[in-house]
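Containing mmCIF, C-alpha atoms: start.cif.
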data_entry
loop_
_atom_site.group_PDB
_atom_site.id
_atom_site.type_symbol
_atom_site.label_atom_id
_atom_site.label_comp_id
_atom_site.auth_asym_id
_atom_site.auth_seq_id
_atom_site.Cartn_x
_atom_site.Cartn_y
_atom_site.Cartn_z
ATOM 1 C CA MET I 10 47.856 5.858 -0.780
ATOM 2 C CA ALA I 11 46.889 8.515 -3.305
ATOM 3 C CA PRO I 12 49.352 11.351 -3.935
ATOM 4 C CA PRO I 13 48.568 14.819 -2.523
ATOM 5 C CA LEU I 14 48.115 16.212 -6.031
ATOM 6 C CA GLU I 15 47.664 14.596 -9.426
ATOM 7 C CA ALA I 16 46.830 16.267 -12.739
ATOM 8 C CA ARG I 17 45.764 14.365 -15.842
ATOM 9 C CA GLN I 18 45.815 15.692 -19.399
ATOM 10 C CA LEU I 19 45.386 19.366 -18.561
ATOM 11 C CA ARG I 20 44.612 21.440 -21.635
ATOM 12 C CA MET I 21 44.116 25.179 -21.910
ATOM 13 C CA ALA I 22 44.079 27.696 -24.755
ATOM 14 C CA HIS I 23 43.536 31.434 -24.945
ATOM 15 C CA GLY I 24 43.270 33.739 -27.934
ATOM 16 C CA GLY I 25 44.037 30.915 -30.321
ATOM 17 C CA ARG I 26 47.245 30.020 -28.468
ATOM 18 C CA VAL I 27 47.745 26.704 -26.671
ATOM 19 C CA LEU I 28 48.929 27.311 -23.106
ATOM 20 C CA LEU I 29 48.781 23.760 -21.766
ATOM 21 C CA ASP I 30 48.787 20.752 -24.064
ATOM 22 C CA GLY I 31 47.986 17.520 -22.261
ATOM 23 C CA VAL I 32 50.014 18.067 -19.098
ATOM 24 C CA SER I 33 49.957 15.174 -16.614
ATOM 25 C CA LEU I 34 51.795 15.462 -13.323
ATOM 26 C CA VAL I 35 51.950 13.693 -9.955
ATOM 27 C CA LEU I 36 53.310 15.350 -6.813
ATOM 28 C CA GLU I 37 54.146 12.858 -4.086
ATOM 29 C CA ARG I 38 54.397 13.498 -0.350
ATOM 30 C CA ALA I 39 57.736 14.791 0.910
ATOM 31 C CA SER I 40 58.903 15.456 -2.645
ATOM 32 C CA VAL I 41 60.555 18.318 -4.521
ATOM 33 C CA THR I 42 59.906 19.053 -8.196
ATOM 34 C CA THR I 43 61.471 21.991 -10.021
ATOM 35 C CA LEU I 44 59.922 23.188 -13.259
ATOM 36 C CA GLN I 45 61.853 25.047 -15.934
ATOM 37 C CA GLY I 46 61.108 26.317 -19.425
ATOM 38 C CA ALA I 47 61.417 29.355 -21.642
ATOM 39 C CA SER I 48 59.285 32.440 -21.176
ATOM 40 C CA GLY I 49 55.789 31.722 -22.454
ATOM 41 C CA SER I 50 56.140 27.954 -22.154
ATOM 42 C CA GLY I 51 53.166 27.714 -19.773
ATOM 43 C CA LYS I 52 54.878 27.466 -16.379
ATOM 44 C CA THR I 53 52.905 30.153 -14.576
ATOM 45 C CA THR I 54 49.685 29.023 -16.261
ATOM 46 C CA LEU I 55 50.256 25.502 -14.982
ATOM 47 C CA LEU I 56 50.787 26.755 -11.422
ATOM 48 C CA ARG I 57 47.613 28.832 -11.596
ATOM 49 C CA VAL I 58 45.598 25.851 -12.829
ATOM 50 C CA LEU I 59 47.023 23.548 -10.171
ATOM 51 C CA GLY I 60 46.306 26.205 -7.547
ATOM 52 C CA GLN I 61 42.680 26.616 -8.701
ATOM 53 C CA LEU I 62 43.169 30.215 -9.804
ATOM 54 C CA ALA I 63 42.450 29.350 -13.433
ATOM 55 C CA ALA I 64 40.220 26.682 -14.946
ATOM 56 C CA PRO I 65 41.574 24.373 -17.669
ATOM 57 C CA ASP I 66 39.558 23.694 -20.798
ATOM 58 C CA ALA I 67 39.951 19.963 -20.239
ATOM 59 C CA GLY I 68 41.628 17.539 -17.885
ATOM 60 C CA GLU I 69 41.263 16.299 -14.326
ATOM 61 C CA MET I 70 42.887 17.083 -10.982
ATOM 62 C CA PHE I 71 42.829 15.126 -7.755
ATOM 63 C CA LEU I 72 43.748 15.938 -4.153
ATOM 64 C CA ASP I 73 44.487 12.807 -2.151
ATOM 65 C CA GLY I 74 42.537 10.881 -4.781
ATOM 66 C CA THR I 75 39.461 13.156 -4.634
ATOM 67 C CA ASP I 76 38.371 15.014 -7.768
ATOM 68 C CA VAL I 77 38.849 18.734 -7.049
ATOM 69 C CA MET I 78 35.568 19.437 -8.853
ATOM 70 C CA THR I 79 33.778 17.868 -5.885
ATOM 71 C CA LEU I 80 35.568 20.142 -3.401
ATOM 72 C CA ALA I 81 34.857 23.767 -2.542
ATOM 73 C CA PRO I 82 37.523 26.110 -3.987
ATOM 74 C CA THR I 83 38.247 27.439 -0.484
ATOM 75 C CA ALA I 84 38.892 23.906 0.746
ATOM 76 C CA VAL I 85 41.342 23.317 -2.107
ATOM 77 C CA ARG I 86 43.206 26.565 -1.438
ATOM 78 C CA ARG I 87 43.628 25.672 2.223
ATOM 79 C CA ARG I 88 45.454 22.520 1.155
ATOM 80 C CA VAL I 89 47.325 23.904 -1.853
ATOM 81 C CA ALA I 90 49.439 27.038 -1.360
ATOM 82 C CA LEU I 91 50.292 29.100 -4.427
ATOM 83 C CA VAL I 92 52.985 31.748 -3.939
ATOM 84 C CA ALA I 93 53.252 33.985 -6.986
ATOM 85 C CA GLN I 94 56.442 35.694 -8.126
ATOM 86 C CA ALA I 95 54.866 39.049 -7.241
ATOM 87 C CA PRO I 96 52.298 38.065 -4.591
ATOM 88 C CA ALA I 97 49.375 40.350 -3.894
ATOM 89 C CA MET I 98 48.934 41.695 -0.404
ATOM 90 C CA PHE I 99 45.480 42.257 1.026
ATOM 91 C CA ALA I 100 44.564 45.668 2.413
ATOM 92 C CA GLY I 101 45.746 46.140 5.989
ATOM 93 C CA THR I 102 48.824 45.336 8.000
ATOM 94 C CA VAL I 103 51.208 42.422 7.692
ATOM 95 C CA GLU I 104 49.535 40.914 10.748
ATOM 96 C CA ASP I 105 46.149 41.215 9.026
ATOM 97 C CA ASN I 106 47.566 39.376 6.016
ATOM 98 C CA LEU I 107 49.032 36.568 8.091
ATOM 99 C CA ALA I 108 45.685 36.056 9.826
ATOM 100 C CA THR I 109 43.621 35.962 6.608
ATOM 101 C CA GLY I 110 43.275 32.195 6.294
ATOM 102 C CA LEU I 111 42.350 31.620 9.910
ATOM 103 C CA ARG I 112 39.984 34.602 9.952
ATOM 104 C CA LEU I 113 38.003 33.012 7.103
ATOM 105 C CA GLN I 114 37.596 29.999 9.385
ATOM 106 C CA GLY I 115 36.437 32.143 12.288
ATOM 107 C CA ARG I 116 39.731 31.747 14.129
ATOM 108 C CA ALA I 117 42.371 34.195 15.291
ATOM 109 C CA LEU I 118 46.140 34.116 14.832
ATOM 110 C CA PRO I 119 47.945 34.550 18.168
ATOM 111 C CA ARG I 120 50.457 37.402 18.157
ATOM 112 C CA ASP I 121 53.276 35.087 19.294
ATOM 113 C CA GLU I 122 52.581 32.766 16.363
ATOM 114 C CA ALA I 123 52.614 35.702 13.941
ATOM 115 C CA ARG I 124 56.006 36.802 15.274
ATOM 116 C CA ARG I 125 57.374 33.256 14.977
ATOM 117 C CA LEU I 126 56.236 33.005 11.364
ATOM 118 C CA LEU I 127 57.953 36.265 10.456
ATOM 119 C CA GLU I 128 61.177 35.131 12.088
ATOM 120 C CA GLN I 129 61.049 31.900 10.085
ATOM 121 C CA VAL I 130 60.996 33.859 6.822
ATOM 122 C CA GLY I 131 63.661 36.305 7.973
ATOM 123 C CA LEU I 132 61.500 39.333 8.801
ATOM 124 C CA GLU I 133 61.578 41.343 12.004
ATOM 125 C CA PRO I 134 58.498 41.184 14.281
ATOM 126 C CA ALA I 135 58.276 44.981 14.012
ATOM 127 C CA VAL I 136 56.988 44.478 10.448
ATOM 128 C CA LEU I 137 53.685 43.150 11.836
ATOM 129 C CA GLY I 138 52.145 46.594 12.114
ATOM 130 C CA GLN I 139 53.294 47.879 8.726
ATOM 131 C CA ASP I 140 51.019 48.367 5.708
ATOM 132 C CA ALA I 141 51.503 45.136 3.752
ATOM 133 C CA ARG I 142 51.031 46.856 0.402
ATOM 134 C CA GLY I 143 53.947 49.183 1.118
ATOM 135 C CA LEU I 144 56.506 46.394 1.495
ATOM 136 C CA SER I 145 59.288 45.694 -0.986
ATOM 137 C CA GLY I 146 58.943 42.842 -3.474
ATOM 138 C CA GLY I 147 61.158 40.541 -1.447
ATOM 139 C CA GLU I 148 59.300 41.345 1.765
ATOM 140 C CA LYS I 149 55.936 40.652 0.130
ATOM 141 C CA LEU I 150 57.221 37.304 -1.095
ATOM 142 C CA ARG I 151 58.275 36.298 2.394
ATOM 143 C CA VAL I 152 55.004 37.504 3.931
ATOM 144 C CA ALA I 153 53.135 35.426 1.327
ATOM 145 C CA VAL I 154 55.118 32.338 2.355
ATOM 146 C CA ALA I 155 54.406 32.994 6.036
ATOM 147 C CA ARG I 156 50.721 33.637 5.244
ATOM 148 C CA ALA I 157 50.486 30.247 3.569
ATOM 149 C CA MET I 158 52.326 28.469 6.384
ATOM 150 C CA VAL I 159 49.534 29.386 8.789
ATOM 151 C CA LEU I 160 47.267 26.783 7.147
ATOM 152 C CA HIS I 161 49.885 23.986 6.904
ATOM 153 C CA PRO I 162 49.155 23.150 3.243
ATOM 154 C CA GLU I 163 49.937 19.730 1.838
ATOM 155 C CA VAL I 164 51.105 21.107 -1.518
ATOM 156 C CA TRP I 165 53.278 24.157 -2.257
ATOM 157 C CA LEU I 166 53.365 25.792 -5.702
ATOM 158 C CA LEU I 167 55.974 28.546 -6.031
ATOM 159 C CA ASP I 168 56.770 30.809 -8.971
ATOM 160 C CA GLU I 169 60.408 32.029 -8.925
ATOM 161 C CA PRO I 170 60.376 32.301 -5.112
ATOM 162 C CA THR I 171 63.956 33.581 -4.771
ATOM 163 C CA ALA I 172 64.005 36.009 -7.715
ATOM 164 C CA ALA I 173 63.744 39.101 -5.486
ATOM 165 C CA LEU I 174 65.988 37.823 -2.680
ATOM 166 C CA ASP I 175 69.684 38.285 -1.979
ATOM 167 C CA ASP I 176 71.898 35.270 -1.321
ATOM 168 C CA ASP I 177 71.361 35.124 2.451
ATOM 169 C CA ARG I 178 67.584 35.410 2.231
ATOM 170 C CA ALA I 179 67.428 32.950 -0.666
ATOM 171 C CA GLU I 180 69.401 30.472 1.432
ATOM 172 C CA LEU I 181 67.041 30.988 4.378
ATOM 173 C CA LEU I 182 63.967 30.428 2.213
ATOM 174 C CA ALA I 183 65.461 27.326 0.599
ATOM 175 C CA GLY I 184 66.128 25.876 4.036
ATOM 176 C CA LEU I 185 62.576 26.629 5.135
ATOM 177 C CA LEU I 186 61.116 24.973 2.048
ATOM 178 C CA LEU I 187 63.239 21.880 2.591
ATOM 179 C CA ALA I 188 62.015 21.702 6.188
ATOM 180 C CA LEU I 189 58.409 21.771 4.943
ATOM 181 C CA VAL I 190 59.206 18.929 2.534
ATOM 182 C CA GLN I 191 60.782 16.914 5.326
ATOM 183 C CA GLU I 192 57.533 17.344 7.252
ATOM 184 C CA GLY I 193 55.669 15.720 4.335
ATOM 185 C CA ALA I 194 54.725 18.538 1.990
ATOM 186 C CA ALA I 195 54.849 18.186 -1.807
ATOM 187 C CA LEU I 196 56.661 21.111 -3.443
ATOM 188 C CA LEU I 197 56.627 22.292 -7.060
ATOM 189 C CA ALA I 198 58.814 25.322 -7.789
ATOM 190 C CA VAL I 199 59.191 27.194 -11.051
ATOM 191 C CA THR I 200 62.750 28.482 -10.885
ATOM 192 C CA HIS I 201 65.812 29.277 -12.948
ATOM 193 C CA ASP I 202 67.769 30.291 -9.852
ATOM 194 C CA ALA I 203 70.835 28.043 -9.600
ATOM 195 C CA ARG I 204 70.984 28.785 -5.859
ATOM 196 C CA LEU I 205 67.569 27.233 -5.317
ATOM 197 C CA VAL I 206 67.976 24.396 -7.811
ATOM 198 C CA GLY I 207 71.189 23.437 -6.042
ATOM 199 C CA ARG I 208 69.417 23.194 -2.689
ATOM 200 C CA LEU I 209 66.148 21.630 -3.805
ATOM 201 C CA VAL I 210 67.507 18.303 -4.945
ATOM 202 C CA GLY I 211 64.707 16.325 -6.548
ATOM 203 C CA ARG I 212 62.921 15.799 -9.828
ATOM 204 C CA MET I 213 63.354 18.364 -12.604
ATOM 205 C CA LEU I 214 60.759 18.886 -15.331
ATOM 206 C CA LEU I 215 60.917 20.924 -18.533
ATOM 207 C CA LEU I 216 57.866 22.598 -20.030
ATOM 208 C CA ASP I 217 58.035 23.548 -23.702
ATOM 209 C CA GLY I 218 55.111 25.026 -25.604
ATOM 210 C CA GLY I 219 52.653 23.843 -22.981
ATOM 211 C CA ARG I 220 53.983 20.283 -22.995
ATOM 212 C CA LEU I 221 56.135 18.398 -20.524
ATOM 213 C CA VAL I 222 59.038 17.347 -22.720
ATOM 214 C CA PRO I 223 60.017 13.658 -22.721
ATOM 215 C CA GLY I 224 63.476 13.328 -21.255
ATOM 216 C CA GLY I 225 63.098 16.613 -19.392
ATOM 217 C CA VAL I 226 63.096 14.819 -16.079
ATOM 218 C CA GLY I 227 66.442 15.029 -14.313
#

Do you think you could lay out the structure here as structure tokens?
Amino acid sequence: MAPPLEARQLRMAHGGRVLLDGVSLVLERASVTTLQGASGSGKTTLLRVLGQLAAPDAGEMFLDGTDVMTLAPTAVRRRVALVAQAPAMFAGTVEDNLATGLRLQGRALPRDEARRLLEQVGLEPAVLGQDARGLSGGEKLRVAVARAMVLHPEVWLLDEPTAALDDDRAELLAGLLLALVQEGAALLAVTHDARLVGRLVGRMLLLDGGRLVPGGVG
């Protein structure tokens, strides 16, 4: 069975600087991979490429063995969730944001389901009617996670997901992510947070100058 996501020899440069230099990566079902590296090493760029928000100059990517170039970008993004460190909120309420993915499919998000999603990420149901763009950084992060959960993605890509969270909320999010992995999701998290690394026991990779460093796997 093909893995949910595989990247082969991804290369990308910008302004004369190499951002990704032959990165190959396989994310298996029900697996956790944490990615570390110095600032500017290419971590966020790699997540954006894997999440189809940026196009590499060269290389291949496959979802369940299918070349992503043969798939519509919207189809890829339904199956691969990318949660940025500072996620953007769409105009409207939190409830509007949670319903975005289903609305694009011509479906509605039941109010009870929206409340349940918020509770899972540690937010009160009363937040549903608030302007999503007026939330704090930590609240936006948790809404972004809940927004992605609506579509039950196979692959999760997260950029410093606990950076804006206190210990209790970081613990809650770590537990939620582990539950998603236990249900079969593949998870790749860029993080330097010892709290999260300690909970997300799995493979560790090191990115240095756009390259996955040999021996960087823990």

Residues near stretch 119-134 of chain I, anyone? I mean within 10 Å using all atoms listed in the file, not counting same-chain ones fewer than 4 positions away, as a PyMOL selection string. chain I and resi 103-105+107-108+138+148+150-156+158-159+177-179+181-182+184-185

Need the shell around I:Leu14: protein/DNA/RNA residues with any atom at most 7 Å away, counting only C-alpha atoms. Skip same-chain ones fewer than 3 positions apart. Format as a PyMOL selection string? chain I and resi 35-36+71-73

Best match for closeness to I:Gln45 among I:Ala141, I:Gly211, I:Val222, I:Val199, counting only C-alpha atoms: I:Val199

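Relative to atom CA of I:Val164, atom CA of I:Ala195 is found at 4.8 Å.
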
Quick one: residues within 12 Å of stretch 46-54 of chain I, all atoms listed in the file counted, chain neighbours fewer than 2 positions away excluded, as a PDB file with C-alpha atoms, in the coordinates of the input?
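Written out: result.pdb:
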ATOM      1  CA  LEU I  19      45.386  19.366 -18.561  1.00  0.00           C
ATOM      2  CA  ARG I  20      44.612  21.440 -21.635  1.00  0.00           C
ATOM      3  CA  MET I  21      44.116  25.179 -21.910  1.00  0.00           C
ATOM      4  CA  ALA I  22      44.079  27.696 -24.755  1.00  0.00           C
ATOM      5  CA  HIS I  23      43.536  31.434 -24.945  1.00  0.00           C
ATOM      6  CA  ARG I  26      47.245  30.020 -28.468  1.00  0.00           C
ATOM      7  CA  VAL I  27      47.745  26.704 -26.671  1.00  0.00           C
ATOM      8  CA  LEU I  28      48.929  27.311 -23.106  1.00  0.00           C
ATOM      9  CA  LEU I  29      48.781  23.760 -21.766  1.00  0.00           C
ATOM     10  CA  ASP I  30      48.787  20.752 -24.064  1.00  0.00           C
ATOM     11  CA  GLY I  31      47.986  17.520 -22.261  1.00  0.00           C
ATOM     12  CA  VAL I  32      50.014  18.067 -19.098  1.00  0.00           C
ATOM     13  CA  THR I  43      61.471  21.991 -10.021  1.00  0.00           C
ATOM     14  CA  LEU I  44      59.922  23.188 -13.259  1.00  0.00           C
ATOM     15  CA  LEU I  56      50.787  26.755 -11.422  1.00  0.00           C
ATOM     16  CA  ARG I  57      47.613  28.832 -11.596  1.00  0.00           C
ATOM     17  CA  VAL I  58      45.598  25.851 -12.829  1.00  0.00           C
ATOM     18  CA  LEU I  59      47.023  23.548 -10.171  1.00  0.00           C
ATOM     19  CA  GLY I  60      46.306  26.205  -7.547  1.00  0.00           C
ATOM     20  CA  GLN I  61      42.680  26.616  -8.701  1.00  0.00           C
ATOM     21  CA  LEU I  62      43.169  30.215  -9.804  1.00  0.00           C
ATOM     22  CA  ALA I  63      42.450  29.350 -13.433  1.00  0.00           C
ATOM     23  CA  ALA I  64      40.220  26.682 -14.946  1.00  0.00           C
ATOM     24  CA  PRO I  65      41.574  24.373 -17.669  1.00  0.00           C
ATOM     25  CA  LEU I  91      50.292  29.100  -4.427  1.00  0.00           C
ATOM     26  CA  VAL I  92      52.985  31.748  -3.939  1.00  0.00           C
ATOM     27  CA  ALA I  93      53.252  33.985  -6.986  1.00  0.00           C
ATOM     28  CA  GLN I  94      56.442  35.694  -8.126  1.00  0.00           C
ATOM     29  CA  ALA I  95      54.866  39.049  -7.241  1.00  0.00           C
ATOM     30  CA  LEU I 166      53.365  25.792  -5.702  1.00  0.00           C
ATOM     31  CA  LEU I 167      55.974  28.546  -6.031  1.00  0.00           C
ATOM     32  CA  ASP I 168      56.770  30.809  -8.971  1.00  0.00           C
ATOM     33  CA  GLU I 169      60.408  32.029  -8.925  1.00  0.00           C
ATOM     34  CA  LEU I 197      56.627  22.292  -7.060  1.00  0.00           C
ATOM     35  CA  ALA I 198      58.814  25.322  -7.789  1.00  0.00           C
ATOM     36  CA  VAL I 199      59.191  27.194 -11.051  1.00  0.00           C
ATOM     37  CA  THR I 200      62.750  28.482 -10.885  1.00  0.00           C
ATOM     38  CA  HIS I 201      65.812  29.277 -12.948  1.00  0.00           C
ATOM     39  CA  MET I 213      63.354  18.364 -12.604  1.00  0.00           C
ATOM     40  CA  LEU I 214      60.759  18.886 -15.331  1.00  0.00           C
ATOM     41  CA  LEU I 215      60.917  20.924 -18.533  1.00  0.00           C
ATOM     42  CA  LEU I 216      57.866  22.598 -20.030  1.00  0.00           C
ATOM     43  CA  ASP I 217      58.035  23.548 -23.702  1.00  0.00           C
ATOM     44  CA  GLY I 218      55.111  25.026 -25.604  1.00  0.00           C
ATOM     45  CA  GLY I 219      52.653  23.843 -22.981  1.00  0.00           C
ATOM     46  CA  ARG I 220      53.983  20.283 -22.995  1.00  0.00           C
ATOM     47  CA  LEU I 221      56.135  18.398 -20.524  1.00  0.00           C
ATOM     48  CA  VAL I 222      59.038  17.347 -22.720  1.00  0.00           C
ATOM     49  CA  GLY I 225      63.098  16.613 -19.392  1.00  0.00           C
TER      50      GLY I 225
END

For I:His161, please output as a PyMOL selection string all residues within 10 Å (counting all atoms listed in the file; exclusion window: fewer than 5 positions along the same chain). chain I and resi 87-90+156+189+194

For the file shown, what are the residues hit by the PyMOL selection byres ((chain I and resi 205) around 9), laid out as a VMD selection string? chain I and resid 170 to 171 179 to 180 182 to 183 200 to 204 206 to 210

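Between I:Gly193 and the residues I:Gly24, I:Leu137, I:Gly115, I:Arg38, the shortest atom-to-atom distance, using only C-alpha atoms, involves I:Arg38.
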
With all atoms of stretch 75-78 of chain I from the file as input, state the centre and edge lengths in Å to one decimal of the axis-aligned box that has 5 Å extra on each side, as JSON.
{"center_x": 37.5, "center_y": 16.3, "center_z": -6.7, "size_x": 13.9, "size_y": 16.3, "size_z": 14.2}

Which residues fall under the PyMOL selection byres ((chain I and resi 114) around 12) in this file, as number ranges by chain? I: 83-84, 87, 108-113, 115-118, 159-160

Just C-alpha atoms for this one: save the residues we selected as a PDB file, in the frame of the given file.
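Once everything was written out, this is out.pdb:
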ATOM      1  CA  THR I  83      38.247  27.439  -0.484  1.00  0.00           C
ATOM      2  CA  ALA I  84      38.892  23.906   0.746  1.00  0.00           C
ATOM      3  CA  ARG I  87      43.628  25.672   2.223  1.00  0.00           C
ATOM      4  CA  ALA I 108      45.685  36.056   9.826  1.00  0.00           C
ATOM      5  CA  THR I 109      43.621  35.962   6.608  1.00  0.00           C
ATOM      6  CA  GLY I 110      43.275  32.195   6.294  1.00  0.00           C
ATOM      7  CA  LEU I 111      42.350  31.620   9.910  1.00  0.00           C
ATOM      8  CA  ARG I 112      39.984  34.602   9.952  1.00  0.00           C
ATOM      9  CA  LEU I 113      38.003  33.012   7.103  1.00  0.00           C
ATOM     10  CA  GLY I 115      36.437  32.143  12.288  1.00  0.00           C
ATOM     11  CA  ARG I 116      39.731  31.747  14.129  1.00  0.00           C
ATOM     12  CA  ALA I 117      42.371  34.195  15.291  1.00  0.00           C
ATOM     13  CA  LEU I 118      46.140  34.116  14.832  1.00  0.00           C
ATOM     14  CA  VAL I 159      49.534  29.386   8.789  1.00  0.00           C
ATOM     15  CA  LEU I 160      47.267  26.783   7.147  1.00  0.00           C
TER      16      LEU I 160
END

Kindly give the distance, in Å, that separates atom CA of I:Ala135 and atom CA of I:Pro162, rounded to a single decimal.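 Answer for the atom CA of I:Ala135 to atom CA of I:Pro162 separation: 26.0 Å.
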
Within 8 Å of I:Arg142 using only C-alpha atoms, minus same-chain residues under 3 positions, as a PyMOL selection string: chain I and resi 97-101+149
